[in-house]
Structure formats: C-alpha cells, structure tokens
Amino acid sequence: MRICNHIAAAIVALLANTVTVTAQDSQEYYTGTFTCAQTVLNTDWVANRNLGGSSSVTVYYQQRGATQVQWLKLTEQETSNNRVLVDDRGNVRLLLSENDAAINASWKEGSPYKSCEPFNVTKTDSVKSRLDKLLSLLNTALPTAEDAKKATEALDSTPIVFALPELDQQPYMQRLSTAVPEFWKRYRSSVADGANIPLDTEDARKNYVIRIHHILDDTLPALMKNRRDATARKDTALALQMASDRLADAGYPLAAAYDVSNSKVMCQRLSLMNKSFYQLDDLELAVGVSFDYWTRELAENVLRGSKTCENAEHYVRSLTEGWPRIQEKQTRIAAFKAERDRLLALPLTFATLVETRNLQPDRKQINLKHSEQDFVARFFGKNLESRRNELEAASLNEIALVAASNGIDQSENVKKLSENCNQLRRLESSQAQDTITAACTTALASAAKKQAEEGVARINAAFDTAEPLAPAADQARQLCKDLSDGFVLRDAVPALRSACQSGDRKLKEKEEAQRCVIAVEKSGADADLLDATIVVKGSGSDNRTTIKELVCEASRNDFQIIFRSEGALMWSKQVMTLHSMPGSEEAFSVELASAEGEADWKVSSWIGDQQTGSNDTPLDQITACLVGTSSCKD
C-alpha cells in the first residue's frame, strides 16, 4: 500500500468480452466512490493491458475531504465464478462483476476501512483531461452561484494527480493549489459586489437582500453535504460579510434582512450544518447577516426563533455566551469604519496622498492590533480602490500644474511639491507609486529649469542695470541673497550661482573703476601729476607706477590720497596726505621728492612727528603697502 494524493483509476479489458485492446500497451480510466462505515471515499482506477495480454490495475482511493491518497497495484485474474483483482502475494483484494454501464466491485481482503460496502466504477476520461476540465471551471472570471455549486461538486471528486504521468504531477498540483483559492476569492467578490449592482435606492437594497438569501439557499446544501470541509463554508461566510458591508455602507438596516415572522428558513439552514461540530458562526449563514451588524433586537429574535428549531440548543447557548465578543468586535469595526470615512472625506490633493500613504489608516489612531490585519484589508483595501484612483489622478494633475505654473517667485509651492515627492518612498511599492514618482521626476526637472531660466534672467537684468556704488548695486546683490535664502531646487542652483558670481564680478569691476574716478577727483592732483610716475617696490620690473594708479590702488585698500604743492617751484615738492577710509579722521602726510631718474617721484620723508604708533611703516614701503605689492612687510 502506498500513500500519495488525488483521483484517477482505470480498468482496461477487465471484461474480456467488452474491451478490445491492441498488441501495444494501453490504458483506460474508471472512477467512482465507495463507503466504509459511513465514510465516503473517492476512487480512480487506471487499467493497463501489457504485451502479454494480462491486465494490471492501479486502484487509487482517498477519503473525501482528506489530503492523503493510497493506492494498490493489482492484477486481474479469472476464476471459475468471477473475475478478481489480486495483489503481488496472490491475495484477492477485489471481486468484480459486470453490467452494461459499470464494473461492480466489492472488497474481499485488506479493505481500506471496516464495513466497506459494494460499489461500482464507471469508465471515464483520462485524469489529465478531467483535471483540465476542472481547472477550466476554476478559472471562471466572475463565478456565479451556479458555478460555485459546480465547483463544489467537482472538487468533491477531484481526480488524483498521482495517477498522472510522473512529470505532470507537480505542475498540476501547483496549478490546483493556486486555482482553488483564487476561484473562491473571485466568487466572494462577485457575490458581495452583486456584479456591481448599485445600491442607491431602497428597492435596489431590498432586491440585493433577496439575492443574498437566494445564493445562500442555493449554495448551502452543496457546501455542507458529505462532511464538507470548512474552506467553502468560510468562503461563503466571507462573501456574506462583504455583502453585509455593502448594505451597511449604503445605509440599509441589516436587522431588516432577517424575517422575524418566519424562522423556518433559519431552521432549515441550520439543519444542513455539521451536527458533529457545531459553530456559532453557523448562525450568520442561517440568518443571512454578518455578526458585525447584528443588533440586540436581532439577536433576541434569533434566540427566540432558534428555540423552535430541532437540535438548536447549542446555538442558543453559544450565542448567549458569545454575545459580548460579538459586541466587542462591533466596537472595533466602528473605529475602523470611522477612520475609513475620515480618509474618504479628505481632499483629493497630492498632500493627502503622501500624508495618508495613499489612504492607508492611521494605525495609532485606531490602535491597530497585530491580529486585526484582516480588518485593514477589509475596510482599506479593495473598497478604497476607486477613491485611490481618483486621488492618484488628482495628484498627477497637481504635480504637472505646479511644475508648469510655479517659477522662481512661487518657491513655497515648488518647495512643497519637492517635499511631497521626497516622501513617496513611504508608500508601499506599487504601479501607482512608480507612476507618481516618474511624474515627480519630470515635474521637478521642469520646475528646476523654469526656476533657473527665470532666476538667471532676473539676476542678469539686476546687475546689468545697476549703477556702481548706487542703491541698485546693493539691491542686485540682495536679490542673489534672497534667492539663496529662499527655496531653489538643487538642479537650478548652479545656474543661479553662476549668474550671481558673473554679475557680481562685473559690478565689482565697474565699482572699482568708479572708485578710482572718485579718488582721483578727490586727490587734487592735476593731469600732469597724475601721469607722473612714483617709486613702488615690487611693482613690476621697473618698480614704479603712475600717480593715478597709486591713487586708485590706494582707494581699493581703503585709503584716500590728497596732494598739495609747496615751495617756490610748485612742481619740485609735493605733499601726499593719506586718509583712512571710510569715514576715518586718521591721516598722515609724507613728502615726495624727485626720484632722480628712477621715477618722477619717490617718498622722501615724514612730515611732522607722524612716524609713531601705527604710522611706523618704512618710507620705502609706503607706496608698496598702498598698492598692495609683496614688498609691503606690514
């Protein structure tokens, strides 16, 4: 005996007079069920006739609803009375007889369980063909109640995948493991959505309730028969929950969904439940309303009605004991729905998308517990998709608008856009996040270009029109400072900085030239003196410069030079007075004398007692310090 997993079986030429085979190996498939001590088992047979003409049969069987599969490899033999299937030890395991439509069988020795009843198997399609048909049903895009009934019945007799060729077994197992839960997931959605039936009128809501009850009446018998496992039952309960959510959101009083005047329907549904395993949740399916929306009045009506049902005492007791838990859950659900409604009331803005992480709940606000993750999916999942789509569309429009209409003067708007774009990483990874991130990248690049173009144009205009040493010059420099202090996108900064540096450099050149003009005018020197030369150590190869250049260079170093002529021959001696700038009253004077060929003039002596304190610069370094050459040691 071997252990495995599914349904497929066969008999080839078990009846010599009714089955024809070729000289080559062949297979035929049979399927059926048998009962042992009230336990139902599915069975599939795969029958082969080998080249020698003898038949072998692999008998697979599986308890319905279980995952364990067993099989026997048997050989067909003919006795004086009938045909039998024997194991490799010669033990007769199954007795066979024939009729027109099936092969009758009964266990002889080594039956799977005690008290196994005779049964029959009928010829069927291959295991692969039957599995493909089942998968086709499970792939129904929008399953109806009829599809659900068919699926339930088909899954009760799912062909055993281990009867497939070995290389096909794992692929089919994987396909089934995905297809089954996905089918029920789509079914729940289609039942709850009612094919997107609008519930905007009272009649529509009442008809939706009738529809729910019809679905329950149609599906419960199939779901609960033959000791059905909890999977499909759970799927139906979740579908009822989703439908109840829709009705509650539409303002329908769900207590009205239960007909208090007639408990017959509830009793009939309760009679279908598994009597060996009572569940309080059975009452939800029996009443047709999720516990999440039961009122005290509804609970009391159900208690009264249950007492008229056969074998319903357990439900009365369970509802009485479980009512506090039901109320506690309802309180939590109210908190989740309040948070959902808060999110739905927020404006459709990019800030809303970022701050709420695309309409995700504030977990601290609702005090979310780890065990309540299903509530998050229920109230903030699919039912917010439409609002999320609207929010995402509004965000994309806002991003594009800010980028197109906000330049250097609207730095706060651009700053807010940049901050929101930077927060997109807080969103869960999704196609929407990728789309909005891409839009942000494009928008911020466009905004940076706009800021750069507008800013550079304004900077150039300010510096080009600014008069040196006039208020406009200060205003041009203040503009650069203001732009630096305000918000400027990183990609716009290099262009603005370059424009400010270029404008400031040109303005400084104008200002230096203007200072030179002013200093020359204040110096009192005539044209001849200005053109004359004076000794300046370290000033080029000839160590001299013009008086005019000396005056201008001194002004750059915050000194104003003033000349006066003394003596009978006014050109023979000049007095040069140095005034510290700006606004300082400190001044000292030196006498200029002929440089005797080295230049026209040189500093010859201090006038008065001024060579003290801060005026102890050596005479031969005074001009060097005024010009700022390397020969100035102090």
# chains A, B, ... in the order shown; residues from 1 in each chain; ligands from 1
$ closest_atom_pairs --of "range 137-226 of chain A" --to "range 28-44 of chain A" --cutoff "9 Å" --atoms "only C-alpha atoms" --output "Markdown table"
| residue | atom | partner | partner_atom | distance |
| --- | --- | --- | --- | --- |
| A:Asp156 | CA | A:Asn42 | CA | 8.3 |
| A:Ser157 | CA | A:Asn42 | CA | 6.4 |
| A:Thr158 | CA | A:Asn42 | CA | 8.6 |
| A:Pro159 | CA | A:Asp44 | CA | 7.3 |
| A:Ile160 | CA | A:Asp44 | CA | 7.4 |
| A:Ala163 | CA | A:Asp44 | CA | 8.3 |
| A:Asn226 | CA | A:Val40 | CA | 7.7 |
$ write_last_selection --atoms "C-alpha atoms" --output "PDB file, in the first residue's frame"
ATOM      1  CA  ASP A 156     -15.569  16.598  -4.083  1.00  0.00           C
ATOM      2  CA  SER A 157     -14.343  14.166  -6.752  1.00  0.00           C
ATOM      3  CA  THR A 158     -11.122  15.816  -7.853  1.00  0.00           C
ATOM      4  CA  PRO A 159      -9.039  13.400  -9.958  1.00  0.00           C
ATOM      5  CA  ILE A 160      -5.924  12.204  -8.142  1.00  0.00           C
ATOM      6  CA  ALA A 163      -2.415   8.968 -11.377  1.00  0.00           C
ATOM      7  CA  ASN A 226     -20.796  14.894   2.619  1.00  0.00           C
TER       8      ASN A 226
END
$ residues_around --residues "Ile562 in chain A" --least-positions-apart "4" --cutoff "8 Å" --atoms "only C-alpha atoms" --output "number ranges by chain"
A: 522-525, 576-579
$ write_last_selection --atoms "N, CA, C and O atoms" --output "PDB file, in the first residue's frame"
ATOM      1  N   LYS A 522      39.081 113.478  -5.896  1.00  0.00           N
ATOM      2  CA  LYS A 522      39.329 113.974  -4.552  1.00  0.00           C
ATOM      3  C   LYS A 522      40.816 114.220  -4.284  1.00  0.00           C
ATOM      4  O   LYS A 522      41.167 114.941  -3.343  1.00  0.00           O
ATOM      5  N   SER A 523      41.681 113.607  -5.093  1.00  0.00           N
ATOM      6  CA  SER A 523      43.123 113.705  -4.810  1.00  0.00           C
ATOM      7  C   SER A 523      43.695 115.109  -4.995  1.00  0.00           C
ATOM      8  O   SER A 523      44.720 115.454  -4.404  1.00  0.00           O
ATOM      9  N   GLY A 524      43.042 115.916  -5.805  1.00  0.00           N
ATOM     10  CA  GLY A 524      43.539 117.272  -6.073  1.00  0.00           C
ATOM     11  C   GLY A 524      44.703 117.322  -7.022  1.00  0.00           C
ATOM     12  O   GLY A 524      45.289 118.390  -7.253  1.00  0.00           O
ATOM     13  N   ALA A 525      45.093 116.176  -7.573  1.00  0.00           N
ATOM     14  CA  ALA A 525      46.233 116.151  -8.497  1.00  0.00           C
ATOM     15  C   ALA A 525      45.782 116.573  -9.884  1.00  0.00           C
ATOM     16  O   ALA A 525      44.688 116.226 -10.328  1.00  0.00           O
ATOM     17  N   MET A 576      51.966 114.481   0.143  1.00  0.00           N
ATOM     18  CA  MET A 576      50.932 113.458  -0.073  1.00  0.00           C
ATOM     19  C   MET A 576      50.341 113.070   1.286  1.00  0.00           C
ATOM     20  O   MET A 576      51.049 112.547   2.146  1.00  0.00           O
ATOM     21  N   THR A 577      49.065 113.383   1.464  1.00  0.00           N
ATOM     22  CA  THR A 577      48.385 113.062   2.726  1.00  0.00           C
ATOM     23  C   THR A 577      47.519 111.827   2.510  1.00  0.00           C
ATOM     24  O   THR A 577      46.760 111.736   1.529  1.00  0.00           O
ATOM     25  N   LEU A 578      47.618 110.887   3.442  1.00  0.00           N
ATOM     26  CA  LEU A 578      46.876 109.622   3.343  1.00  0.00           C
ATOM     27  C   LEU A 578      45.750 109.618   4.380  1.00  0.00           C
ATOM     28  O   LEU A 578      46.002 109.786   5.578  1.00  0.00           O
ATOM     29  N   HIS A 579      44.517 109.413   3.916  1.00  0.00           N
ATOM     30  CA  HIS A 579      43.342 109.343   4.790  1.00  0.00           C
ATOM     31  C   HIS A 579      42.784 107.912   4.758  1.00  0.00           C
ATOM     32  O   HIS A 579      42.541 107.352   3.690  1.00  0.00           O
TER      33      HIS A 579
END
$ closest_residue --among "A:Leu346, A:Ala255, A:Leu270, A:Val316" --to "Glu297 in chain A" --atoms "only C-alpha atoms"
A:Ala255
$ residues_around --residues "Pro253 in chain A" --least-positions-apart "3" --cutoff "10 Å" --atoms "only C-alpha atoms" --output "PyMOL selection string"
chain A and resi 205+244+247-250+256-257+293-295
$ select_by_dssp --residues "range 322-493 of chain A" --states "alpha helix (DSSP H)" --output "PyMOL selection string"
chain A and resi 322-345+350-355+373-380+385-405+411-422+431-465+471-485+493
$ residues_around --residues "Arg556 in chain A" --least-positions-apart "5" --cutoff "12 Å" --atoms "only C-alpha atoms" --output "PDB file with N, CA, C and O atoms, in the first residue's frame"
ATOM      1  N   LYS A 508      31.671  94.569  -9.602  1.00  0.00           N
ATOM      2  CA  LYS A 508      32.853  94.974  -8.834  1.00  0.00           C
ATOM      3  C   LYS A 508      33.854  95.700  -9.716  1.00  0.00           C
ATOM      4  O   LYS A 508      34.491  96.686  -9.291  1.00  0.00           O
ATOM      5  N   GLU A 509      34.002  95.232 -10.949  1.00  0.00           N
ATOM      6  CA  GLU A 509      34.913  95.924 -11.867  1.00  0.00           C
ATOM      7  C   GLU A 509      34.430  97.349 -12.131  1.00  0.00           C
ATOM      8  O   GLU A 509      35.235  98.295 -12.146  1.00  0.00           O
ATOM      9  N   GLU A 511      32.535  99.067 -10.090  1.00  0.00           N
ATOM     10  CA  GLU A 511      32.671  99.814  -8.839  1.00  0.00           C
ATOM     11  C   GLU A 511      34.112 100.241  -8.596  1.00  0.00           C
ATOM     12  O   GLU A 511      34.382 101.368  -8.134  1.00  0.00           O
ATOM     13  N   GLU A 512      35.054  99.382  -8.908  1.00  0.00           N
ATOM     14  CA  GLU A 512      36.457  99.755  -8.752  1.00  0.00           C
ATOM     15  C   GLU A 512      36.817 100.896  -9.682  1.00  0.00           C
ATOM     16  O   GLU A 512      37.549 101.834  -9.290  1.00  0.00           O
ATOM     17  N   ALA A 513      36.320 100.818 -10.889  1.00  0.00           N
ATOM     18  CA  ALA A 513      36.586 101.916 -11.825  1.00  0.00           C
ATOM     19  C   ALA A 513      35.963 103.210 -11.335  1.00  0.00           C
ATOM     20  O   ALA A 513      36.576 104.300 -11.416  1.00  0.00           O
ATOM     21  N   GLN A 514      34.751 103.111 -10.766  1.00  0.00           N
ATOM     22  CA  GLN A 514      34.086 104.309 -10.267  1.00  0.00           C
ATOM     23  C   GLN A 514      34.803 104.857  -9.038  1.00  0.00           C
ATOM     24  O   GLN A 514      34.957 106.085  -8.893  1.00  0.00           O
ATOM     25  N   ARG A 515      35.272 103.980  -8.171  1.00  0.00           N
ATOM     26  CA  ARG A 515      36.040 104.429  -7.001  1.00  0.00           C
ATOM     27  C   ARG A 515      37.330 105.137  -7.435  1.00  0.00           C
ATOM     28  O   ARG A 515      37.763 106.114  -6.813  1.00  0.00           O
ATOM     29  N   CYS A 516      37.915 104.614  -8.474  1.00  0.00           N
ATOM     30  CA  CYS A 516      39.133 105.239  -8.996  1.00  0.00           C
ATOM     31  C   CYS A 516      38.851 106.655  -9.474  1.00  0.00           C
ATOM     32  O   CYS A 516      39.603 107.589  -9.173  1.00  0.00           O
ATOM     33  N   VAL A 517      37.762 106.804 -10.188  1.00  0.00           N
ATOM     34  CA  VAL A 517      37.385 108.145 -10.685  1.00  0.00           C
ATOM     35  C   VAL A 517      37.165 109.099  -9.519  1.00  0.00           C
ATOM     36  O   VAL A 517      37.645 110.252  -9.505  1.00  0.00           O
ATOM     37  N   ILE A 518      36.454 108.625  -8.503  1.00  0.00           N
ATOM     38  CA  ILE A 518      36.153 109.470  -7.346  1.00  0.00           C
ATOM     39  C   ILE A 518      37.435 109.800  -6.578  1.00  0.00           C
ATOM     40  O   ILE A 518      37.660 110.949  -6.153  1.00  0.00           O
ATOM     41  N   ALA A 519      38.264 108.772  -6.384  1.00  0.00           N
ATOM     42  CA  ALA A 519      39.519 109.002  -5.649  1.00  0.00           C
ATOM     43  C   ALA A 519      40.410 109.985  -6.373  1.00  0.00           C
ATOM     44  O   ALA A 519      41.073 110.846  -5.750  1.00  0.00           O
ATOM     45  N   GLU A 549      47.512 105.572 -10.852  1.00  0.00           N
ATOM     46  CA  GLU A 549      47.329 104.194 -10.451  1.00  0.00           C
ATOM     47  C   GLU A 549      47.530 104.031  -8.956  1.00  0.00           C
ATOM     48  O   GLU A 549      46.841 103.263  -8.298  1.00  0.00           O
ATOM     49  N   LEU A 550      48.492 104.794  -8.400  1.00  0.00           N
ATOM     50  CA  LEU A 550      48.706 104.762  -6.955  1.00  0.00           C
ATOM     51  C   LEU A 550      47.455 105.210  -6.218  1.00  0.00           C
ATOM     52  O   LEU A 550      47.027 104.577  -5.235  1.00  0.00           O
ATOM     53  N   VAL A 551      46.836 106.303  -6.693  1.00  0.00           N
ATOM     54  CA  VAL A 551      45.611 106.805  -6.067  1.00  0.00           C
ATOM     55  C   VAL A 551      44.493 105.757  -6.135  1.00  0.00           C
ATOM     56  O   VAL A 551      43.781 105.501  -5.163  1.00  0.00           O
ATOM     57  N   ILE A 561      44.154 109.396  -1.110  1.00  0.00           N
ATOM     58  CA  ILE A 561      45.373 110.222  -1.201  1.00  0.00           C
ATOM     59  C   ILE A 561      44.992 111.618  -1.674  1.00  0.00           C
ATOM     60  O   ILE A 561      44.249 111.760  -2.657  1.00  0.00           O
ATOM     61  N   SER A 580      42.621 107.344   5.950  1.00  0.00           N
ATOM     62  CA  SER A 580      41.979 106.005   6.003  1.00  0.00           C
ATOM     63  C   SER A 580      40.503 106.130   5.668  1.00  0.00           C
ATOM     64  O   SER A 580      39.832 107.104   6.039  1.00  0.00           O
ATOM     65  N   MET A 581      39.966 105.170   4.993  1.00  0.00           N
ATOM     66  CA  MET A 581      38.558 105.181   4.611  1.00  0.00           C
ATOM     67  C   MET A 581      37.897 103.922   5.181  1.00  0.00           C
ATOM     68  O   MET A 581      38.578 102.925   5.471  1.00  0.00           O
ATOM     69  N   PRO A 582      36.592 103.939   5.255  1.00  0.00           N
ATOM     70  CA  PRO A 582      35.718 105.111   5.034  1.00  0.00           C
ATOM     71  C   PRO A 582      35.443 105.821   6.358  1.00  0.00           C
ATOM     72  O   PRO A 582      35.344 105.182   7.401  1.00  0.00           O
ATOM     73  N   CYS A 625      52.767  99.393   0.189  1.00  0.00           N
ATOM     74  CA  CYS A 625      51.612  98.986   1.000  1.00  0.00           C
ATOM     75  C   CYS A 625      50.319  99.571   0.461  1.00  0.00           C
ATOM     76  O   CYS A 625      49.254  98.939   0.531  1.00  0.00           O
ATOM     77  N   LEU A 626      50.417 100.821  -0.090  1.00  0.00           N
ATOM     78  CA  LEU A 626      49.208 101.415  -0.672  1.00  0.00           C
ATOM     79  C   LEU A 626      48.736 100.633  -1.895  1.00  0.00           C
ATOM     80  O   LEU A 626      47.549 100.452  -2.114  1.00  0.00           O
ATOM     81  N   VAL A 627      49.697 100.146  -2.677  1.00  0.00           N
ATOM     82  CA  VAL A 627      49.352  99.380  -3.886  1.00  0.00           C
ATOM     83  C   VAL A 627      49.047  97.928  -3.544  1.00  0.00           C
ATOM     84  O   VAL A 627      48.245  97.268  -4.190  1.00  0.00           O
ATOM     85  N   GLY A 628      49.702  97.405  -2.481  1.00  0.00           N
ATOM     86  CA  GLY A 628      49.480  96.033  -2.058  1.00  0.00           C
ATOM     87  C   GLY A 628      50.407  95.046  -2.708  1.00  0.00           C
ATOM     88  O   GLY A 628      50.005  93.897  -2.950  1.00  0.00           O
TER      89      GLY A 628
END
$ atom_distance --atom1 "CA of Leu530 in chain A" --atom2 "CA of Ile607 in chain A"
21.7 Å
$ residues_around --residues "range 104-112 of chain A" --least-positions-apart "5" --cutoff "12 Å" --atoms "only C-alpha atoms" --output "PyMOL selection string"
chain A and resi 1-2+11+14-15+30-37+39-43+45+59-63+69-72+82-87+89-99+117-123
$ select_by_dssp --residues "range 74-123 of chain A" --states "strand (DSSP E or B)" --output "list of chain:residue names"
A:Leu74, A:Thr75, A:Glu76, A:Gln77, A:Glu78, A:Arg83, A:Val84, A:Leu85, A:Val86, A:Val92, A:Arg93, A:Leu94, A:Leu95, A:Leu96, A:Ser97, A:Glu98, A:Ile103, A:Asn104, A:Ala105, A:Ser106, A:Trp107, A:Cys116, A:Phe119, A:Asn120, A:Val121, A:Thr122, A:Lys123
